[in-house]
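Raw coords.txt, compact mmCIF, C-alpha atoms:
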# COMPACT_ATOMS: atom_id res chain seq x y z
CA MET A 1228 0.00 0.00 0.00
CA PRO A 1229 1.47 3.38 -0.92
CA ASP A 1230 2.57 5.70 1.87
CA TRP A 1231 0.11 8.45 1.03
CA ILE A 1232 -2.85 6.05 1.50
CA LYS A 1233 -1.43 4.95 4.87
CA THR A 1234 -1.01 8.58 5.85
CA VAL A 1235 -4.60 9.42 4.87
CA LEU A 1236 -6.08 6.37 6.63
CA THR A 1237 -4.19 7.05 9.84
CA SER A 1238 -4.85 10.79 9.95
CA GLU A 1239 -7.26 12.23 12.52
CA PHE A 1240 -8.79 14.50 9.88
CA PHE A 1241 -9.89 11.55 7.72
CA TRP A 1242 -11.48 9.71 10.64
CA GLY A 1243 -13.09 12.92 11.85
CA VAL A 1244 -14.73 13.36 8.46
CA ILE A 1245 -15.90 9.70 8.44
CA VAL A 1246 -17.30 9.92 11.98
CA GLY A 1247 -18.94 13.25 11.11
CA LEU A 1248 -20.61 11.73 8.02
CA VAL A 1249 -21.88 8.75 10.01
CA LEU A 1250 -23.23 10.99 12.78
CA ALA A 1251 -24.86 13.30 10.23
CA ALA A 1252 -26.55 10.31 8.53
CA ILE A 1253 -27.80 8.95 11.86
CA GLY A 1254 -29.04 12.42 12.84
CA ALA A 1255 -30.88 12.85 9.53
CA TRP A 1256 -32.48 9.42 9.90
CA LEU A 1257 -33.60 10.15 13.47
CA GLN A 1258 -34.92 13.56 12.44
CA ALA A 1259 -36.92 11.97 9.61
CA ILE A 1260 -38.44 9.46 12.03
CA PHE A 1261 -39.25 12.18 14.56
CA THR A 1262 -40.80 14.43 11.90
CA ALA A 1263 -42.90 11.58 10.47
CA ARG A 1264 -44.23 10.73 13.94
CA GLN A 1265 -45.04 14.37 14.65
CA GLN A 1266 -46.86 14.69 11.31
CA ARG A 1267 -48.90 11.52 11.97
CA LYS A 1268 -49.85 12.80 15.41
CA ALA A 1269 -50.76 16.22 14.01
CA GLN A 1270 -52.91 14.59 11.30
CA LYS A 1271 -54.63 12.38 13.87
CA ASP A 1272 -55.29 15.35 16.16
CA LEU A 1273 -56.57 17.43 13.24
CA ILE A 1274 -59.02 14.78 12.02
CA THR A 1275 -60.13 14.01 15.58
CA ASN A 1276 -60.90 17.69 16.18
CA PHE A 1277 -62.61 17.86 12.79
CA CYS A 1278 -64.83 14.90 13.72
CA ILE A 1279 -65.65 16.39 17.13
CA ASP A 1280 -66.55 19.66 15.42
CA THR A 1281 -68.72 17.86 12.86
CA VAL A 1282 -70.61 15.92 15.54
CA ASN A 1283 -71.11 19.04 17.65
CA ASN A 1284 -72.30 21.02 14.62
CA LEU A 1285 -74.77 18.30 13.64
CA LYS A 1286 -76.07 18.20 17.19
CA ALA A 1287 -76.42 22.00 17.37
CA ILE A 1288 -78.25 22.16 14.03
CA VAL A 1289 -80.69 19.45 15.10
CA GLU A 1290 -81.27 21.11 18.48
CA ASP A 1291 -81.95 24.45 16.77
CA MET A 1292 -84.24 22.71 14.30
CA VAL A 1293 -86.25 21.13 17.13
CA ASN A 1294 -86.43 24.40 19.08
CA HIS A 1295 -87.69 26.17 15.96
CA ARG A 1296 -90.26 23.43 15.38
CA GLN A 1297 -91.49 23.74 18.96
CA ARG A 1298 -91.91 27.50 18.64
CA THR A 1299 -93.50 27.59 15.17
CA GLN A 1300 -94.81 24.05 14.56
CA VAL A 1301 -92.86 24.11 11.27
CA ILE A 1302 -89.72 22.28 10.14
CA HIS A 1303 -87.72 25.00 8.43
CA GLY A 1304 -85.88 24.08 5.21
CA ASP A 1305 -82.82 26.17 6.09
CA TYR A 1306 -81.89 23.64 8.75
CA LEU A 1307 -81.98 20.91 6.14
CA ALA A 1308 -79.56 22.98 4.05
CA LEU A 1309 -77.26 23.36 7.06
CA LEU A 1310 -77.31 19.58 7.57
CA ASP A 1311 -76.42 19.17 3.89
CA ILE A 1312 -73.46 21.50 4.32
CA GLU A 1313 -72.11 19.62 7.36
CA VAL A 1314 -72.53 16.25 5.67
CA GLY A 1315 -70.91 17.61 2.50
CA VAL A 1316 -67.88 18.96 4.36
CA PHE A 1317 -67.48 15.64 6.15
CA GLY A 1318 -67.83 13.78 2.86
CA ARG A 1319 -65.12 15.84 1.19
CA ASN A 1320 -62.73 15.07 4.06
CA ARG A 1321 -63.82 11.52 4.75
CA GLU A 1322 -60.61 9.90 3.52
CA HIS A 1323 -58.78 11.43 6.47
CA ILE A 1324 -60.75 9.44 9.05
CA THR A 1325 -58.46 6.50 8.28
CA HIS A 1326 -56.17 8.00 10.95
CA LEU A 1327 -58.75 7.13 13.62
CA PRO A 1328 -59.03 3.72 15.29
CA ASN A 1329 -61.57 1.43 13.63
CA PRO A 1330 -64.48 1.42 16.10
CA VAL A 1331 -64.44 5.21 16.36
CA ARG A 1332 -64.00 5.62 12.61
CA GLU A 1333 -66.97 3.34 11.96
CA ASN A 1334 -69.12 5.13 14.56
CA ILE A 1335 -68.44 8.61 13.16
CA ARG A 1336 -69.12 7.43 9.62
CA LYS A 1337 -72.35 5.74 10.73
CA LEU A 1338 -73.54 8.84 12.62
CA VAL A 1339 -73.00 11.15 9.66
CA THR A 1340 -74.61 8.66 7.28
CA ASP A 1341 -77.61 8.24 9.58
CA CYS A 1342 -78.00 12.02 9.81
CA ALA A 1343 -77.86 12.29 6.01
CA ILE A 1344 -80.50 9.56 5.65
CA ARG A 1345 -82.82 11.17 8.19
CA ARG A 1346 -82.30 14.56 6.55
CA ALA A 1347 -83.31 13.06 3.19
CA GLU A 1348 -86.40 11.47 4.75
CA ILE A 1349 -87.43 14.78 6.31
CA GLY A 1350 -86.89 16.58 3.00
CA ASN A 1351 -88.89 13.99 1.06
CA HIS A 1352 -91.79 14.11 3.48
CA LEU A 1353 -91.81 17.91 3.49
CA SER A 1354 -91.74 17.92 -0.30
CA GLU A 1355 -94.63 15.49 -0.32
CA PHE A 1356 -96.50 17.70 2.16
CA SER A 1357 -95.96 20.77 -0.04
CA ARG A 1358 -97.12 18.87 -3.12
CA PHE A 1359 -100.33 17.76 -1.40
CA MET A 1360 -100.99 21.24 -0.07
CA ALA A 1361 -100.56 22.64 -3.59
CA LEU A 1362 -102.99 20.00 -4.85
CA ALA A 1363 -105.47 20.97 -2.13
CA ASP A 1364 -105.12 24.64 -3.10
CA GLN A 1365 -105.71 23.72 -6.73
CA LEU A 1366 -108.79 21.69 -5.82
CA GLN A 1367 -110.04 24.57 -3.67
CA SER A 1368 -109.62 27.03 -6.54
CA GLN A 1369 -111.53 24.67 -8.84
CA GLY A 1370 -114.43 24.69 -6.40
CA ASP A 1371 -113.96 21.21 -4.93
CA ALA A 1372 -113.71 22.30 -1.29
CA PRO A 1373 -114.62 18.92 0.27
CA GLN A 1374 -111.92 17.08 -1.71
CA ALA A 1375 -109.43 19.85 -0.92
CA GLN A 1376 -110.19 19.51 2.77
CA ARG A 1377 -109.72 15.72 2.63
CA VAL A 1378 -106.34 16.16 0.92
CA ARG A 1379 -105.26 18.69 3.56
CA THR A 1380 -106.44 16.77 6.60
CA GLN A 1381 -105.62 13.24 5.53
CA THR A 1382 -102.93 12.98 2.88
CA ALA A 1383 -100.92 16.13 3.62
CA GLU A 1384 -101.21 15.56 7.36
CA VAL A 1385 -99.68 12.08 6.99
CA ALA A 1386 -96.70 13.56 5.14
CA ARG A 1387 -96.25 16.23 7.83
CA ARG A 1388 -96.50 13.62 10.59
CA ASN A 1389 -93.90 11.46 8.79
CA ALA A 1390 -91.55 14.44 8.54
CA ASN A 1391 -91.92 15.07 12.27
CA GLN A 1392 -91.28 11.39 13.01
CA ALA A 1393 -88.13 11.45 10.88
CA LEU A 1394 -86.97 14.55 12.77
CA ASP A 1395 -87.66 12.80 16.07
CA GLN A 1396 -85.55 9.86 14.88
CA LEU A 1397 -82.78 12.29 13.94
CA VAL A 1398 -82.96 13.84 17.41
CA ALA A 1399 -82.68 10.40 19.03
CA ARG A 1400 -79.70 9.53 16.83
CA VAL A 1401 -77.87 12.77 17.57
CA LYS A 1402 -78.42 12.41 21.32
CA ASP A 1403 -76.27 9.27 21.15
CA SER A 1404 -73.40 11.40 19.84
CA ILE A 1405 -72.23 12.42 23.32
CA ASP A 1406 -70.53 9.04 23.77
CA LEU A 1407 -68.91 9.40 20.35
CA VAL A 1408 -67.50 12.83 21.22
CA ASN A 1409 -66.12 11.43 24.48
CA SER A 1410 -64.45 8.54 22.65
CA LEU A 1411 -62.96 11.01 20.15
CA LYS A 1412 -61.61 13.17 22.99
CA LYS A 1413 -59.86 10.12 24.46
CA ILE A 1414 -57.91 9.71 21.20
CA ILE A 1415 -56.32 13.16 21.45

Take the structure in the file and write it out as structure tokens.
Amino acid sequence: MPDWIKTVLTSEFFWGVIVGLVLAAIGAWLQAIFTARQQRKAQKDLITNFCIDTVNNLKAIVEDMVNHRQRTQVIHGDYLALLDIEVGVFGRNREHITHLPNPVRENIRKLVTDCAIRRAEIGNHLSEFSRFMALADQLQSQGDAPQAQRVRTQTAEVARRNANQALDQLVARVKDSIDLVNSLKKII
């Protein structure tokens, strides 16, 4: 082996550079692991807070909807639009719930889906009610008051009652959400 190679291999500078490179590589590897863990935790916290916010918003909308119904005896369509917005926001971000543990992920998905189904039922029944009331108005204007009254009191009333029952089912479903929020808070 030539003398210059021996000199390089035995010099403190060479071994200092080698040790420095090894330590830098280990440091970069550890930093990458630490950063990845922090990002996963931040994602999990973000989606958990998002789910808590979604559940709380759904609950608040339904409570306001029921309070409005108690005061006015009417289910207002604006609340249905608010439910649509919450369900839509959740739907656009649904892929992120994979960061949650399976039972909680399944429960949040099921709650939002159930709320969307109940919202659709309420909307369909209210639409049916409006259609029957328009028919009754048309019959009334054509001079068939007895038939118009039957449509109002029987057919339209059934649709209104069904809408109220669907809202009551939605209220019952949302009341169960307290346990879900508590299980989400335990994840954080």

Would you mind telling me which residue in A:Arg1321, A:Arg1379, A:Lys1286, A:Arg1358 lies nearest to Val1401 (chain A) when using only C-alpha atoms?
->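 For Val1401 (chain A), the nearest of the given residues is A:Lys1286.
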
Using only C-alpha atoms, which residues sit within 9 Å of Val1293 (chain A) once same-chain residues fewer than 5 positions away are excluded, as a list of chain:residue names?
->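 After dropping sequence-adjacent residues, the list is A:Ile1288, A:Arg1298, A:Ile1302, A:Leu1394, A:Asp1395, A:Val1398.
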
Gln1270 (chain A) environment, 10 Å, all atoms listed in the file, sequence neighbours closer than 5 positions dropped, as an MDAnalysis selection string | chainID A and resid 1264:1265 1275:1276 1323:1324 1326:1327

What gap, in Å, lies between CA of Leu1273 (chain A) and CA of Arg1400 (chain A)?
->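 Separation of CA of Leu1273 (chain A) and CA of Arg1400 (chain A): 24.7 Å.
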
What does the distance from CA of Cys1342 (chain A) to CA of Asn1294 (chain A) come to in Å, to one decimal?
->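 According to the coordinates, CA of Cys1342 (chain A) and CA of Asn1294 (chain A) are separated by 17.6 Å.
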
Computed interatomic separation between CA of Val1339 (chain A) and CA of Phe1317 (chain A) (Å) |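 Result for CA of Val1339 (chain A) versus CA of Phe1317 (chain A): 7.9 Å, one decimal.
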
Between A:Gly1318, A:Thr1281, A:Trp1242, A:Ala1383, which one has atoms that come closest to Val1408 (chain A), using only C-alpha atoms?
->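 Looking only at the distances to Val1408 (chain A), the closest residue turns out to be A:Thr1281.
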
Tell me, as an NGL selection string, which residues lie within 10 Å of Thr1340 (chain A), counting all atoms listed in the file; anything in the same chain fewer than 5 positions away does not count.
-> :A and (1314 or 1318 or 1334-1335 or 1345-1346)

Which polymer residues have any atom within 7 Å of an atom of Ala1363 (chain A), counting all atoms listed in the file, with same-chain residues fewer than 6 positions away left out, as a list of chain:residue names?
->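 With the cut-off at 7 Å, the set is A:Ala1375, A:Gln1376, A:Val1378, A:Arg1379.
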
Resulting file, chosen residues, C-alpha atoms, as a compact mmCIF listing (two decimals), in the coordinates of the input:
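selection_37.txt, written as the output of this step:
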# COMPACT_ATOMS: atom_id res chain seq x y z
CA ALA A 1375 -109.43 19.85 -0.92
CA GLN A 1376 -110.19 19.51 2.77
CA VAL A 1378 -106.34 16.16 0.92
CA ARG A 1379 -105.26 18.69 3.56

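Between Thr1380 (chain A) and the residues A:Arg1332, A:Gly1243, A:Pro1229, A:Phe1356, the shortest atom-to-atom distance, using all atoms listed in the file, involves A:Phe1356.
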
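Using only C-alpha atoms, the smallest distance between any of A:Leu1362, A:Gln1369, A:Asn1320, A:Gln1297 and Asn1391 (chain A) comes from A:Gln1297.
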
Counting only C-alpha atoms, what is within 10 Å of Thr1325 (chain A), bar same-chain residues fewer than 6 positions away, as a VMD selection string?
-> chain A and resid 1271 1274 1332 to 1333

With all atoms listed in the file as the basis for distance, which of A:Met1360, A:Val1301, A:Met1228, A:Val1289 is at the shortest distance from Glu1384 (chain A)?
->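 Checking each of A:Met1360, A:Val1301, A:Met1228, A:Val1289 against Glu1384 (chain A), counting all atoms listed in the file, the winner is A:Met1360.
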
Which residue out of A:Leu1353, A:Ala1361, A:Ala1393, A:Ala1251 has the minimum interatomic distance to His1303 (chain A) when all atoms listed in the file are used?
-> A:Leu1353

Quick one: 5 Å padding each side, axis-aligned, all listed atoms of region 1375-1382 of chain A - centre and edge lengths in Å to one decimal, as JSON?
{"center_x": -106.6, "center_y": 16.4, "center_z": 2.8, "size_x": 17.3, "size_y": 16.9, "size_z": 17.5}

Just need region 1327-1350 of chain A in a file, please: N, CA, C and O atoms, as a tab-separated table (two decimals), in the first residue's frame.
chain	number	residue	atom	x	y	z
A	1327	LEU	N	-58.08	7.46	12.36
A	1327	LEU	CA	-58.75	7.13	13.62
A	1327	LEU	C	-58.81	5.61	13.81
A	1327	LEU	O	-58.84	4.87	12.83
A	1328	PRO	N	-58.87	5.16	15.06
A	1328	PRO	CA	-59.03	3.72	15.29
A	1328	PRO	C	-60.37	3.23	14.74
A	1328	PRO	O	-61.35	3.98	14.69
A	1329	ASN	N	-60.42	1.96	14.36
A	1329	ASN	CA	-61.57	1.43	13.63
A	1329	ASN	C	-62.92	1.61	14.32
A	1329	ASN	O	-63.85	2.05	13.67
A	1330	PRO	N	-63.11	1.27	15.58
A	1330	PRO	CA	-64.48	1.42	16.10
A	1330	PRO	C	-64.96	2.88	16.08
A	1330	PRO	O	-66.10	3.15	15.76
A	1331	VAL	N	-64.07	3.80	16.36
A	1331	VAL	CA	-64.44	5.21	16.36
A	1331	VAL	C	-64.68	5.68	14.94
A	1331	VAL	O	-65.65	6.40	14.66
A	1332	ARG	N	-63.85	5.26	14.02
A	1332	ARG	CA	-64.00	5.62	12.61
A	1332	ARG	C	-65.35	5.13	12.09
A	1332	ARG	O	-66.08	5.87	11.43
A	1333	GLU	N	-65.70	3.91	12.41
A	1333	GLU	CA	-66.97	3.34	11.96
A	1333	GLU	C	-68.15	4.08	12.59
A	1333	GLU	O	-69.15	4.35	11.93
A	1334	ASN	N	-68.03	4.43	13.87
A	1334	ASN	CA	-69.12	5.13	14.56
A	1334	ASN	C	-69.35	6.54	14.01
A	1334	ASN	O	-70.50	6.97	13.86
A	1335	ILE	N	-68.28	7.26	13.70
A	1335	ILE	CA	-68.44	8.61	13.16
A	1335	ILE	C	-69.04	8.54	11.75
A	1335	ILE	O	-69.93	9.31	11.40
A	1336	ARG	N	-68.58	7.59	10.96
A	1336	ARG	CA	-69.12	7.43	9.62
A	1336	ARG	C	-70.61	7.07	9.68
A	1336	ARG	O	-71.42	7.62	8.95
A	1337	LYS	N	-70.95	6.18	10.60
A	1337	LYS	CA	-72.35	5.74	10.73
A	1337	LYS	C	-73.23	6.90	11.21
A	1337	LYS	O	-74.34	7.07	10.71
A	1338	LEU	N	-72.76	7.70	12.14
A	1338	LEU	CA	-73.54	8.84	12.62
A	1338	LEU	C	-73.84	9.81	11.49
A	1338	LEU	O	-74.99	10.23	11.30
A	1339	VAL	N	-72.81	10.18	10.73
A	1339	VAL	CA	-73.00	11.15	9.66
A	1339	VAL	C	-73.91	10.57	8.58
A	1339	VAL	O	-74.80	11.26	8.06
A	1340	THR	N	-73.74	9.30	8.27
A	1340	THR	CA	-74.61	8.66	7.28
A	1340	THR	C	-76.05	8.61	7.76
A	1340	THR	O	-76.98	8.91	7.00
A	1341	ASP	N	-76.26	8.26	9.03
A	1341	ASP	CA	-77.61	8.24	9.58
A	1341	ASP	C	-78.25	9.62	9.55
A	1341	ASP	O	-79.43	9.76	9.23
A	1342	CYS	N	-77.47	10.65	9.87
A	1342	CYS	CA	-78.00	12.02	9.81
A	1342	CYS	C	-78.38	12.39	8.38
A	1342	CYS	O	-79.42	13.02	8.15
A	1343	ALA	N	-77.56	11.98	7.42
A	1343	ALA	CA	-77.86	12.29	6.01
A	1343	ALA	C	-79.14	11.56	5.57
A	1343	ALA	O	-79.97	12.13	4.85
A	1344	ILE	N	-79.30	10.32	6.02
A	1344	ILE	CA	-80.50	9.56	5.65
A	1344	ILE	C	-81.74	10.20	6.26
A	1344	ILE	O	-82.76	10.38	5.59
A	1345	ARG	N	-81.67	10.53	7.53
A	1345	ARG	CA	-82.82	11.17	8.19
A	1345	ARG	C	-83.12	12.52	7.56
A	1345	ARG	O	-84.28	12.89	7.38
A	1346	ARG	N	-82.10	13.27	7.20
A	1346	ARG	CA	-82.30	14.56	6.55
A	1346	ARG	C	-83.04	14.37	5.23
A	1346	ARG	O	-83.95	15.12	4.89
A	1347	ALA	N	-82.64	13.34	4.47
A	1347	ALA	CA	-83.31	13.06	3.19
A	1347	ALA	C	-84.77	12.66	3.42
A	1347	ALA	O	-85.66	13.08	2.67
A	1348	GLU	N	-85.02	11.86	4.43
A	1348	GLU	CA	-86.40	11.47	4.75
A	1348	GLU	C	-87.24	12.70	5.09
A	1348	GLU	O	-88.37	12.83	4.61
A	1349	ILE	N	-86.70	13.56	5.93
A	1349	ILE	CA	-87.43	14.78	6.31
A	1349	ILE	C	-87.73	15.61	5.06
A	1349	ILE	O	-88.86	16.06	4.85
A	1350	GLY	N	-86.71	15.80	4.23
A	1350	GLY	CA	-86.89	16.58	3.00
A	1350	GLY	C	-87.93	15.97	2.07
A	1350	GLY	O	-88.76	16.69	1.50
